[in-house]
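What follows is the content of start35.pdb (PDB, C-alpha atoms and all ligand atoms).
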```
MODEL        1
ATOM      1  CA  MET U   1     -55.005 130.595 -32.063  1.00  0.00           C
ATOM      2  CA  THR U   2     -52.553 128.043 -33.462  1.00  0.00           C
ATOM      3  CA  ILE U   3     -49.030 127.918 -32.059  1.00  0.00           C
ATOM      4  CA  LEU U   4     -46.081 126.275 -33.785  1.00  0.00           C
ATOM      5  CA  GLN U   5     -43.307 125.350 -31.384  1.00  0.00           C
ATOM      6  CA  TYR U   6     -39.807 124.233 -32.373  1.00  0.00           C
ATOM      7  CA  ILE U   7     -38.699 121.360 -30.145  1.00  0.00           C
ATOM      8  CA  GLY U   8     -35.291 121.037 -31.784  1.00  0.00           C
ATOM      9  CA  HIS U   9     -33.677 119.179 -34.741  1.00  0.00           C
ATOM     10  CA  SER U  10     -36.696 118.395 -37.018  1.00  0.00           C
ATOM     11  CA  ALA U  11     -39.280 118.155 -34.243  1.00  0.00           C
ATOM     12  CA  PHE U  12     -42.191 120.590 -34.088  1.00  0.00           C
ATOM     13  CA  PHE U  13     -45.363 120.755 -32.041  1.00  0.00           C
ATOM     14  CA  ILE U  14     -48.379 122.519 -33.475  1.00  0.00           C
ATOM     15  CA  ASN U  15     -50.997 123.301 -30.875  1.00  0.00           C
ATOM     16  CA  THR U  16     -54.455 124.412 -31.991  1.00  0.00           C
ATOM     17  CA  GLY U  17     -55.743 124.414 -28.424  1.00  0.00           C
ATOM     18  CA  GLU U  18     -57.949 121.409 -29.078  1.00  0.00           C
ATOM     19  CA  TYR U  19     -55.393 119.345 -31.018  1.00  0.00           C
ATOM     20  CA  GLY U  20     -51.658 118.807 -30.670  1.00  0.00           C
ATOM     21  CA  ILE U  21     -49.738 117.745 -33.769  1.00  0.00           C
ATOM     22  CA  LEU U  22     -46.220 116.459 -33.220  1.00  0.00           C
ATOM     23  CA  THR U  23     -43.706 115.762 -36.003  1.00  0.00           C
ATOM     24  CA  ASP U  24     -40.442 113.824 -35.886  1.00  0.00           C
ATOM     25  CA  PRO U  25     -40.335 113.750 -32.058  1.00  0.00           C
ATOM     26  CA  PHE U  26     -36.604 113.272 -31.402  1.00  0.00           C
ATOM     27  CA  ILE U  27     -36.791 114.412 -27.768  1.00  0.00           C
ATOM     28  CA  SER U  28     -35.254 112.119 -25.133  1.00  0.00           C
ATOM     29  CA  GLY U  29     -32.287 111.354 -27.425  1.00  0.00           C
ATOM     30  CA  ASN U  30     -31.580 115.033 -28.106  1.00  0.00           C
ATOM     31  CA  PRO U  31     -30.107 116.916 -25.138  1.00  0.00           C
ATOM     32  CA  LYS U  32     -30.750 120.209 -26.992  1.00  0.00           C
ATOM     33  CA  SER U  33     -34.497 119.598 -27.350  1.00  0.00           C
ATOM     34  CA  VAL U  34     -37.007 121.575 -25.299  1.00  0.00           C
ATOM     35  CA  PHE U  35     -40.574 120.323 -24.898  1.00  0.00           C
ATOM     36  CA  ASP U  36     -42.927 120.458 -21.950  1.00  0.00           C
ATOM     37  CA  LEU U  37     -44.402 116.986 -22.307  1.00  0.00           C
ATOM     38  CA  LYS U  38     -46.364 117.145 -19.056  1.00  0.00           C
ATOM     39  CA  ASN U  39     -48.337 120.196 -20.119  1.00  0.00           C
ATOM     40  CA  SER U  40     -48.840 119.338 -23.785  1.00  0.00           C
ATOM     41  CA  LYS U  41     -51.677 117.309 -25.244  1.00  0.00           C
ATOM     42  CA  VAL U  42     -50.519 115.258 -28.238  1.00  0.00           C
ATOM     43  CA  THR U  43     -53.346 114.033 -30.496  1.00  0.00           C
ATOM     44  CA  ASN U  44     -51.434 113.165 -33.683  1.00  0.00           C
ATOM     45  CA  ILE U  45     -47.846 112.158 -34.433  1.00  0.00           C
ATOM     46  CA  PHE U  46     -46.268 112.342 -37.892  1.00  0.00           C
ATOM     47  CA  LEU U  47     -42.988 110.883 -39.118  1.00  0.00           C
ATOM     48  CA  THR U  48     -41.115 111.904 -42.269  1.00  0.00           C
ATOM     49  CA  HIS U  49     -38.940 108.754 -42.164  1.00  0.00           C
ATOM     50  CA  GLY U  50     -37.575 106.036 -39.923  1.00  0.00           C
ATOM     51  CA  HIS U  51     -34.146 107.325 -38.868  1.00  0.00           C
ATOM     52  CA  SER U  52     -33.754 107.485 -35.122  1.00  0.00           C
ATOM     53  CA  ASP U  53     -33.331 111.278 -35.096  1.00  0.00           C
ATOM     54  CA  HIS U  54     -36.894 111.466 -36.511  1.00  0.00           C
ATOM     55  CA  LEU U  55     -38.673 108.396 -35.148  1.00  0.00           C
ATOM     56  CA  GLY U  56     -37.371 109.451 -31.738  1.00  0.00           C
ATOM     57  CA  ASP U  57     -39.979 108.939 -29.011  1.00  0.00           C
ATOM     58  CA  ALA U  58     -42.891 108.436 -31.415  1.00  0.00           C
ATOM     59  CA  ILE U  59     -43.766 104.941 -30.197  1.00  0.00           C
ATOM     60  CA  PRO U  60     -43.811 105.613 -26.424  1.00  0.00           C
ATOM     61  CA  LEU U  61     -45.557 108.967 -26.959  1.00  0.00           C
ATOM     62  CA  SER U  62     -48.175 107.347 -29.178  1.00  0.00           C
ATOM     63  CA  LYS U  63     -48.906 104.894 -26.367  1.00  0.00           C
ATOM     64  CA  ALA U  64     -48.835 107.540 -23.616  1.00  0.00           C
ATOM     65  CA  PHE U  65     -51.229 109.903 -25.405  1.00  0.00           C
ATOM     66  CA  ASN U  66     -53.211 107.307 -27.343  1.00  0.00           C
ATOM     67  CA  ALA U  67     -52.235 109.322 -30.440  1.00  0.00           C
ATOM     68  CA  PRO U  68     -51.868 107.591 -33.820  1.00  0.00           C
ATOM     69  CA  VAL U  69     -48.530 107.727 -35.630  1.00  0.00           C
ATOM     70  CA  CYS U  70     -49.032 108.612 -39.282  1.00  0.00           C
ATOM     71  CA  ALA U  71     -46.133 107.498 -41.479  1.00  0.00           C
ATOM     72  CA  ILE U  72     -45.277 105.833 -44.773  1.00  0.00           C
ATOM     73  CA  PHE U  73     -46.858 102.351 -44.885  1.00  0.00           C
ATOM     74  CA  GLU U  74     -43.782 100.280 -43.943  1.00  0.00           C
ATOM     75  CA  LEU U  75     -42.798 102.611 -41.114  1.00  0.00           C
ATOM     76  CA  ALA U  76     -46.395 102.710 -39.861  1.00  0.00           C
ATOM     77  CA  ASN U  77     -46.377  98.889 -39.807  1.00  0.00           C
ATOM     78  CA  TYR U  78     -43.150  98.971 -37.786  1.00  0.00           C
ATOM     79  CA  CYS U  79     -44.761 101.320 -35.238  1.00  0.00           C
ATOM     80  CA  ALA U  80     -47.859  99.112 -35.098  1.00  0.00           C
ATOM     81  CA  ALA U  81     -45.689  96.021 -34.489  1.00  0.00           C
ATOM     82  CA  LYS U  82     -44.157  97.873 -31.520  1.00  0.00           C
ATOM     83  CA  GLY U  83     -47.626  98.449 -30.094  1.00  0.00           C
ATOM     84  CA  ALA U  84     -48.361 101.996 -31.268  1.00  0.00           C
ATOM     85  CA  ALA U  85     -51.551 103.023 -33.007  1.00  0.00           C
ATOM     86  CA  ALA U  86     -50.491 103.683 -36.577  1.00  0.00           C
ATOM     87  CA  GLN U  87     -51.906 105.140 -39.737  1.00  0.00           C
ATOM     88  CA  GLY U  88     -50.162 104.105 -42.973  1.00  0.00           C
ATOM     89  CA  ILE U  89     -49.968 106.400 -45.968  1.00  0.00           C
ATOM     90  CA  ASN U  90     -47.886 106.691 -49.119  1.00  0.00           C
ATOM     91  CA  MET U  91     -46.709 109.272 -51.640  1.00  0.00           C
ATOM     92  CA  GLY U  92     -49.505 111.583 -52.727  1.00  0.00           C
ATOM     93  CA  GLY U  93     -51.818 110.357 -49.994  1.00  0.00           C
ATOM     94  CA  LYS U  94     -53.770 112.898 -48.009  1.00  0.00           C
ATOM     95  CA  ILE U  95     -55.597 112.301 -44.761  1.00  0.00           C
ATOM     96  CA  SER U  96     -58.173 114.734 -43.384  1.00  0.00           C
ATOM     97  CA  TYR U  97     -58.471 115.529 -39.696  1.00  0.00           C
ATOM     98  CA  PRO U  98     -60.723 117.811 -37.663  1.00  0.00           C
ATOM     99  CA  TRP U  99     -57.860 120.348 -37.700  1.00  0.00           C
ATOM    100  CA  GLY U 100     -57.082 120.139 -41.438  1.00  0.00           C
ATOM    101  CA  SER U 101     -55.040 117.638 -43.417  1.00  0.00           C
ATOM    102  CA  ALA U 102     -51.668 116.044 -44.036  1.00  0.00           C
ATOM    103  CA  LYS U 103     -50.366 115.059 -47.456  1.00  0.00           C
ATOM    104  CA  PHE U 104     -47.211 113.023 -48.000  1.00  0.00           C
ATOM    105  CA  LEU U 105     -44.874 114.171 -50.772  1.00  0.00           C
ATOM    106  CA  PRO U 106     -41.462 112.988 -51.991  1.00  0.00           C
ATOM    107  CA  ALA U 107     -38.182 113.636 -50.206  1.00  0.00           C
ATOM    108  CA  PHE U 108     -34.833 112.377 -51.534  1.00  0.00           C
ATOM    109  CA  HIS U 109     -33.059 110.601 -48.696  1.00  0.00           C
ATOM    110  CA  SER U 110     -33.069 107.078 -47.205  1.00  0.00           C
ATOM    111  CA  SER U 111     -35.253 105.502 -44.544  1.00  0.00           C
ATOM    112  CA  ALA U 112     -34.729 102.529 -42.261  1.00  0.00           C
ATOM    113  CA  THR U 113     -35.959 101.326 -38.899  1.00  0.00           C
ATOM    114  CA  PRO U 114     -33.567 101.519 -35.911  1.00  0.00           C
ATOM    115  CA  GLU U 115     -32.774  97.826 -36.603  1.00  0.00           C
ATOM    116  CA  GLY U 116     -31.745  98.728 -40.157  1.00  0.00           C
ATOM    117  CA  HIS U 117     -34.780  97.313 -41.941  1.00  0.00           C
ATOM    118  CA  TYR U 118     -36.588  98.859 -44.887  1.00  0.00           C
ATOM    119  CA  ALA U 119     -38.949 101.636 -43.769  1.00  0.00           C
ATOM    120  CA  GLY U 120     -40.415 102.693 -47.117  1.00  0.00           C
ATOM    121  CA  MET U 121     -39.651 105.969 -48.837  1.00  0.00           C
ATOM    122  CA  PRO U 122     -38.690 109.080 -46.910  1.00  0.00           C
ATOM    123  CA  ALA U 123     -41.255 111.875 -47.163  1.00  0.00           C
ATOM    124  CA  ALA U 124     -41.989 115.547 -46.904  1.00  0.00           C
ATOM    125  CA  ILE U 125     -45.324 116.357 -45.280  1.00  0.00           C
ATOM    126  CA  LEU U 126     -47.626 119.170 -46.325  1.00  0.00           C
ATOM    127  CA  PHE U 127     -49.882 120.091 -43.430  1.00  0.00           C
ATOM    128  CA  GLU U 128     -52.886 122.327 -43.689  1.00  0.00           C
ATOM    129  CA  ILE U 129     -53.754 123.403 -40.176  1.00  0.00           C
ATOM    130  CA  ASN U 130     -56.584 125.867 -39.648  1.00  0.00           C
ATOM    131  CA  GLY U 131     -56.010 127.157 -43.177  1.00  0.00           C
ATOM    132  CA  VAL U 132     -52.203 127.576 -42.960  1.00  0.00           C
ATOM    133  CA  LYS U 133     -50.121 125.341 -45.235  1.00  0.00           C
ATOM    134  CA  ILE U 134     -46.892 124.158 -43.651  1.00  0.00           C
ATOM    135  CA  TYR U 135     -44.384 122.133 -45.677  1.00  0.00           C
ATOM    136  CA  HIS U 136     -42.125 119.991 -43.474  1.00  0.00           C
ATOM    137  CA  ALA U 137     -39.343 118.909 -45.841  1.00  0.00           C
ATOM    138  CA  GLY U 138     -38.105 116.001 -43.716  1.00  0.00           C
ATOM    139  CA  ASP U 139     -34.528 115.073 -44.571  1.00  0.00           C
ATOM    140  CA  THR U 140     -33.852 115.726 -48.235  1.00  0.00           C
ATOM    141  CA  CYS U 141     -31.592 117.160 -50.879  1.00  0.00           C
ATOM    142  CA  LEU U 142     -32.820 119.941 -53.096  1.00  0.00           C
ATOM    143  CA  ASN U 143     -35.148 118.411 -55.664  1.00  0.00           C
ATOM    144  CA  SER U 144     -37.440 119.630 -58.395  1.00  0.00           C
ATOM    145  CA  GLU U 145     -40.473 118.068 -56.675  1.00  0.00           C
ATOM    146  CA  MET U 146     -40.310 121.206 -54.556  1.00  0.00           C
ATOM    147  CA  LYS U 147     -41.055 123.298 -57.665  1.00  0.00           C
ATOM    148  CA  THR U 148     -44.123 121.148 -58.259  1.00  0.00           C
ATOM    149  CA  ALA U 149     -45.196 121.474 -54.629  1.00  0.00           C
ATOM    150  CA  GLY U 150     -44.801 125.244 -54.859  1.00  0.00           C
ATOM    151  CA  GLU U 151     -46.734 125.472 -58.110  1.00  0.00           C
ATOM    152  CA  ILE U 152     -49.600 123.179 -57.147  1.00  0.00           C
ATOM    153  CA  TYR U 153     -49.976 123.334 -53.358  1.00  0.00           C
ATOM    154  CA  LYS U 154     -48.689 126.841 -52.606  1.00  0.00           C
ATOM    155  CA  PRO U 155     -47.416 126.327 -49.063  1.00  0.00           C
ATOM    156  CA  ASP U 156     -47.210 129.348 -46.760  1.00  0.00           C
ATOM    157  CA  ILE U 157     -44.384 128.229 -44.485  1.00  0.00           C
ATOM    158  CA  ALA U 158     -41.489 125.823 -45.133  1.00  0.00           C
ATOM    159  CA  LEU U 159     -39.556 123.956 -42.455  1.00  0.00           C
ATOM    160  CA  LEU U 160     -36.252 123.229 -44.213  1.00  0.00           C
ATOM    161  CA  PRO U 161     -33.168 121.239 -43.213  1.00  0.00           C
ATOM    162  CA  ILE U 162     -29.994 123.299 -43.653  1.00  0.00           C
ATOM    163  CA  GLY U 163     -27.257 121.321 -41.868  1.00  0.00           C
ATOM    164  CA  SER U 164     -25.740 119.590 -44.941  1.00  0.00           C
ATOM    165  CA  THR U 165     -23.938 116.195 -44.678  1.00  0.00           C
ATOM    166  CA  PHE U 166     -27.289 114.316 -44.519  1.00  0.00           C
ATOM    167  CA  THR U 167     -29.522 116.945 -46.177  1.00  0.00           C
ATOM    168  CA  MET U 168     -29.493 120.227 -48.095  1.00  0.00           C
ATOM    169  CA  ASP U 169     -27.045 122.933 -47.091  1.00  0.00           C
ATOM    170  CA  ILE U 170     -27.961 126.616 -46.789  1.00  0.00           C
ATOM    171  CA  GLU U 171     -27.457 127.350 -50.506  1.00  0.00           C
ATOM    172  CA  ASP U 172     -29.760 124.544 -51.604  1.00  0.00           C
ATOM    173  CA  ALA U 173     -32.276 125.309 -48.865  1.00  0.00           C
ATOM    174  CA  LEU U 174     -32.373 128.885 -50.170  1.00  0.00           C
ATOM    175  CA  THR U 175     -33.271 127.572 -53.637  1.00  0.00           C
ATOM    176  CA  ALA U 176     -35.853 125.264 -52.044  1.00  0.00           C
ATOM    177  CA  ALA U 177     -37.495 128.238 -50.330  1.00  0.00           C
ATOM    178  CA  VAL U 178     -37.710 130.084 -53.660  1.00  0.00           C
ATOM    179  CA  TRP U 179     -39.050 127.035 -55.509  1.00  0.00           C
ATOM    180  CA  LEU U 180     -41.650 126.352 -52.835  1.00  0.00           C
ATOM    181  CA  GLY U 181     -42.785 129.965 -53.121  1.00  0.00           C
ATOM    182  CA  VAL U 182     -43.283 130.313 -49.384  1.00  0.00           C
ATOM    183  CA  LYS U 183     -43.653 133.552 -47.445  1.00  0.00           C
ATOM    184  CA  GLN U 184     -41.748 132.238 -44.438  1.00  0.00           C
ATOM    185  CA  VAL U 185     -38.970 129.732 -43.749  1.00  0.00           C
ATOM    186  CA  ILE U 186     -37.999 128.111 -40.464  1.00  0.00           C
ATOM    187  CA  PRO U 187     -34.617 126.314 -40.593  1.00  0.00           C
ATOM    188  CA  MET U 188     -34.178 122.909 -38.934  1.00  0.00           C
ATOM    189  CA  HIS U 189     -31.810 119.914 -38.804  1.00  0.00           C
ATOM    190  CA  TYR U 190     -28.659 121.907 -37.995  1.00  0.00           C
ATOM    191  CA  ASN U 191     -26.277 122.337 -35.029  1.00  0.00           C
ATOM    192  CA  THR U 192     -27.754 119.331 -33.178  1.00  0.00           C
ATOM    193  CA  PHE U 193     -24.356 117.651 -33.546  1.00  0.00           C
ATOM    194  CA  ASP U 194     -21.015 118.521 -35.168  1.00  0.00           C
ATOM    195  CA  LEU U 195     -21.676 116.906 -38.564  1.00  0.00           C
ATOM    196  CA  ILE U 196     -24.556 119.296 -39.236  1.00  0.00           C
ATOM    197  CA  LYS U 197     -23.053 122.527 -37.922  1.00  0.00           C
ATOM    198  CA  THR U 198     -23.868 125.538 -40.042  1.00  0.00           C
ATOM    199  CA  ASP U 199     -24.164 129.327 -39.980  1.00  0.00           C
ATOM    200  CA  VAL U 200     -27.880 129.933 -39.487  1.00  0.00           C
ATOM    201  CA  SER U 201     -27.506 133.716 -39.471  1.00  0.00           C
ATOM    202  CA  LEU U 202     -25.951 133.558 -42.950  1.00  0.00           C
ATOM    203  CA  PHE U 203     -28.943 131.472 -44.072  1.00  0.00           C
ATOM    204  CA  LYS U 204     -31.325 134.049 -42.621  1.00  0.00           C
ATOM    205  CA  THR U 205     -29.515 136.882 -44.441  1.00  0.00           C
ATOM    206  CA  LYS U 206     -29.662 135.031 -47.766  1.00  0.00           C
ATOM    207  CA  VAL U 207     -33.351 134.101 -47.410  1.00  0.00           C
ATOM    208  CA  GLU U 208     -34.369 137.627 -46.419  1.00  0.00           C
ATOM    209  CA  ALA U 209     -32.421 139.028 -49.419  1.00  0.00           C
ATOM    210  CA  LYS U 210     -34.956 137.105 -51.543  1.00  0.00           C
ATOM    211  CA  GLY U 211     -37.845 138.834 -49.775  1.00  0.00           C
ATOM    212  CA  ILE U 212     -38.792 135.737 -47.759  1.00  0.00           C
ATOM    213  CA  LYS U 213     -39.158 135.951 -43.995  1.00  0.00           C
ATOM    214  CA  CYS U 214     -36.758 133.665 -42.126  1.00  0.00           C
ATOM    215  CA  THR U 215     -37.624 132.840 -38.525  1.00  0.00           C
ATOM    216  CA  VAL U 216     -34.818 131.200 -36.571  1.00  0.00           C
ATOM    217  CA  LEU U 217     -36.307 129.442 -33.554  1.00  0.00           C
ATOM    218  CA  GLN U 218     -34.315 128.135 -30.619  1.00  0.00           C
ATOM    219  CA  PRO U 219     -35.565 124.841 -29.170  1.00  0.00           C
ATOM    220  CA  GLY U 220     -38.634 125.668 -27.083  1.00  0.00           C
ATOM    221  CA  GLU U 221     -39.480 128.868 -28.977  1.00  0.00           C
ATOM    222  CA  SER U 222     -42.828 129.344 -30.719  1.00  0.00           C
ATOM    223  CA  ILE U 223     -44.599 131.430 -33.303  1.00  0.00           C
ATOM    224  CA  GLU U 224     -48.278 132.080 -33.777  1.00  0.00           C
ATOM    225  CA  LEU U 225     -49.626 130.890 -37.131  1.00  0.00           C
TER     226      LEU U 225
HETATM  227 NI    NI U 301     -32.583 110.948 -41.974  1.00  0.00          NI
HETATM  228 MN    MN U 302     -32.117 113.335 -39.884  1.00  0.00          MN
ENDMDL
END
```

Kindly return the structure encoded in the file as structure tokens.
Amino acid sequence: MTILQYIGHSAFFINTGEYGILTDPFISGNPKSVFDLKNSKVTNIFLTHGHSDHLGDAIPLSKAFNAPVCAIFELANYCAAKGAAAQGINMGGKISYPWGSAKFLPAFHSSATPEGHYAGMPAAILFEINGVKIYHAGDTCLNSEMKTAGEIYKPDIALLPIGSTFTMDIEDALTAAVWLGVKQVIPMHYNTFDLIKTDVSLFKTKVEAKGIKCTVLQPGESIEL
């Protein structure tokens, strides 16, 4: 049984029982996040880009759990320089794991280290975990790469930012869901702070009008994959 838990913002924890896959772990800096660190086993950490609301606690958690951080090459090098185990990758790269795989795909955004240095390109990550394909969009605007991802990789579930200002808004995220061809959408990157406030129930109504399931998770809530 694989469980996907929403931690808050763009952070998710996917627990296969044997493996724990953490993405964009913005936890200690986000008062709205909910994650039971003490009772969770993290085996792999993934980052979509270097902004502090995504890098979050990746470096200390990597050290605490002896879990590698997989990120775009420059960001992986940054994590390695800070003492974390890191695994560099770049656009189109796919790494296989005992639980499945992760493939890095384009996102249209920016990416820098907390010190403001170049952190490579921002990314979306396509996970395949025990046969379920999960597309984590990272921070991005709507872009036609999503059509390609839908056509070629056929993801099952999309984790999409909807908060606008720094990413897509609900209208563009709706189009992204259609282009990706997913069966289910989980919104993220909204209501963490005022600049990304949005009406998530309106998003849910619009997505479900297209025949796509929309699961709104509160921080700490989970679904079974
Ligand atoms: Ni960002
Ligand atoms: Mn962000």

Long-range neighbours of region 130-138 of chain U as a PyMOL selection string, 8 Å cut-off, all atoms listed in the file, 6 positions minimum in chain:
chain U and resi 2+10+48-49+99-100+107+122-124+154-161+225

Run the PyMOL selection byres (((not hetatm)) within 7 of (chain U and resi 302)) on the file and write out the hits as a ChimeraX atom specification.
/U:51,53-54,139,166,189

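Residues lying within 8 Å of region 70-75 of chain U, counting all atoms listed in the file and ignoring same-chain neighbours fewer than 4 positions away, are Asn44, Ile45, Phe46, Leu47, Thr48, His49, Gly50, Cys79, Ala86, Gln87, Gly88, Ile89, Asn90, Met91, Thr113, Tyr118, Ala119, Gly120, Met121, Pro122 and Ala123 of chain U.
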
Here's the selection I'm unsure about, the PyMOL selection byres (((chain U and resi 31) around 12) and not hetatm); applied to the file above, which residues does it give, as number ranges by chain?
U: 7-9, 26-30, 32-35, 53, 191-193, 219

Between CA of Phe203 (chain U) and CA of Lys183 (chain U), measure the distance and give it in Å to one decimal.
15.2 Å

Could you tell me how far CA of Glu221 (chain U) sits from CA of Ala102 (chain U), in Å to one decimal place?
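Result for CA of Ala102 (chain U) versus CA of Glu221 (chain U): 23.2 Å, one decimal.
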
Residue members of the PyMOL selection byres (((chain U and resi 199) around 12) and not hetatm) in the file shown, as a PyMOL selection string:
chain U and resi 162-164+169-171+187-188+190-191+196-198+200-206+216

What is the distance between CA of Leu195 (chain U) and CA of Ile223 (chain U), in Å to one decimal?
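That distance, rounded to one decimal, is 27.6 Å.
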
Return the single residue from U:Met1, U:Ile129, U:Ala112, U:Ala80 that is closest to Ile21 (chain U), with distances computed using only C-alpha atoms.
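Of all the options, U:Ile129 lies closest to Ile21 (chain U).
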
Nearest to His109 (chain U) by atom-to-atom distance, counting only C-alpha atoms, from U:Cys141, U:Ile152, U:Val178, U:Thr215:
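Looking at the shortest contact to His109 (chain U), the residue is U:Cys141.
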
For Lys41 (chain U): contacts at 12 Å, all atoms listed in the file, fewer than 2 positions along chain excluded, given as number ranges by chain:
U: 13-22, 35-39, 43-45, 61-62, 64-67

For Gly150 (chain U), please output as a PyMOL selection string all residues within 8 Å (counting only C-alpha atoms; exclusion window: fewer than 4 positions along the same chain).
chain U and resi 146+154-155+179-182

Limited to C-alpha atoms, could you put the picked residues into a file as an mmCIF file, in the coordinates of the input?
```
data_model
loop_
_atom_site.group_PDB
_atom_site.id
_atom_site.type_symbol
_atom_site.label_atom_id
_atom_site.label_comp_id
_atom_site.auth_asym_id
_atom_site.auth_seq_id
_atom_site.Cartn_x
_atom_site.Cartn_y
_atom_site.Cartn_z
ATOM 1 C CA MET U 146 -40.310 121.206 -54.556
ATOM 2 C CA LYS U 154 -48.689 126.841 -52.606
ATOM 3 C CA PRO U 155 -47.416 126.327 -49.063
ATOM 4 C CA TRP U 179 -39.050 127.035 -55.509
ATOM 5 C CA LEU U 180 -41.650 126.352 -52.835
ATOM 6 C CA GLY U 181 -42.785 129.965 -53.121
ATOM 7 C CA VAL U 182 -43.283 130.313 -49.384
#
```

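Nearest to ligand NI 301 (chain U) of all the residues U:Met168, U:Ala76, U:Ala84, U:Ala149 is U:Met168, counting only C-alpha atoms and all ligand atoms.
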
So, counting only C-alpha atoms and all ligand atoms, which residue among U:Leu142, U:Leu55, U:Ile95, U:Val42 is closest to ligand NI 301 (chain U)?
U:Leu55

Under the rule that only C-alpha atoms and all ligand atoms are counted, which of U:Ser111, U:Thr175, U:Ser222, U:Thr148 is the nearest residue to ligand NI 301 (chain U)?
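Looking at the shortest contact to ligand NI 301 (chain U), the residue is U:Ser111.
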
Nearest to ligand NI 301 (chain U) by atom-to-atom distance, counting all atoms listed in the file, from U:Lys94, U:Leu174, U:Gln5, U:Gly56
U:Gly56

I need region 72-90 of chain U from the structure I supplied, saved as a short mmCIF file (atom, residue, chain, number, x, y, z; two decimals), in the first residue's frame with N, CA and C atoms retained.
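File written: result-v5.cif
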```cif
data_model
loop_
_atom_site.label_atom_id
_atom_site.label_comp_id
_atom_site.auth_asym_id
_atom_site.auth_seq_id
_atom_site.Cartn_x
_atom_site.Cartn_y
_atom_site.Cartn_z
N ILE U 72 18.39 19.03 -9.93
CA ILE U 72 19.14 19.48 -11.10
C ILE U 72 20.61 19.70 -10.69
N PHE U 73 21.51 19.35 -11.60
CA PHE U 73 22.96 19.30 -11.36
C PHE U 73 23.50 20.41 -10.45
N GLU U 74 23.23 21.66 -10.79
CA GLU U 74 23.80 22.78 -10.03
C GLU U 74 23.26 22.82 -8.60
N LEU U 75 21.98 22.52 -8.46
CA LEU U 75 21.36 22.51 -7.13
C LEU U 75 21.86 21.31 -6.32
N ALA U 76 22.05 20.19 -6.99
CA ALA U 76 22.61 19.00 -6.32
C ALA U 76 24.03 19.31 -5.82
N ASN U 77 24.81 20.02 -6.63
CA ASN U 77 26.17 20.40 -6.21
C ASN U 77 26.13 21.33 -5.00
N TYR U 78 25.15 22.22 -4.97
CA TYR U 78 24.99 23.12 -3.82
C TYR U 78 24.70 22.29 -2.56
N CYS U 79 23.80 21.32 -2.68
CA CYS U 79 23.46 20.48 -1.52
C CYS U 79 24.68 19.68 -1.07
N ALA U 80 25.44 19.18 -2.05
CA ALA U 80 26.64 18.40 -1.72
C ALA U 80 27.67 19.28 -1.00
N ALA U 81 27.80 20.54 -1.46
CA ALA U 81 28.76 21.46 -0.81
C ALA U 81 28.35 21.77 0.63
N LYS U 82 27.06 21.63 0.92
CA LYS U 82 26.57 21.85 2.29
C LYS U 82 26.59 20.56 3.11
N GLY U 83 27.14 19.50 2.52
CA GLY U 83 27.33 18.27 3.28
C GLY U 83 26.27 17.21 3.11
N ALA U 84 25.31 17.44 2.22
CA ALA U 84 24.26 16.44 1.98
C ALA U 84 24.72 15.45 0.90
N ALA U 85 24.20 14.26 0.96
CA ALA U 85 24.40 13.32 -0.15
C ALA U 85 23.52 13.80 -1.28
N ALA U 86 24.08 13.91 -2.48
CA ALA U 86 23.29 14.48 -3.57
C ALA U 86 23.45 13.69 -4.85
N GLN U 87 22.41 13.75 -5.65
CA GLN U 87 22.35 13.01 -6.90
C GLN U 87 21.95 14.03 -7.97
N GLY U 88 22.87 14.38 -8.86
CA GLY U 88 22.58 15.38 -9.89
C GLY U 88 21.90 14.77 -11.09
N ILE U 89 21.02 15.55 -11.69
CA ILE U 89 20.28 15.08 -12.87
C ILE U 89 20.03 16.31 -13.72
N ASN U 90 19.56 16.11 -14.95
CA ASN U 90 19.15 17.27 -15.75
C ASN U 90 17.97 16.91 -16.62
#
```
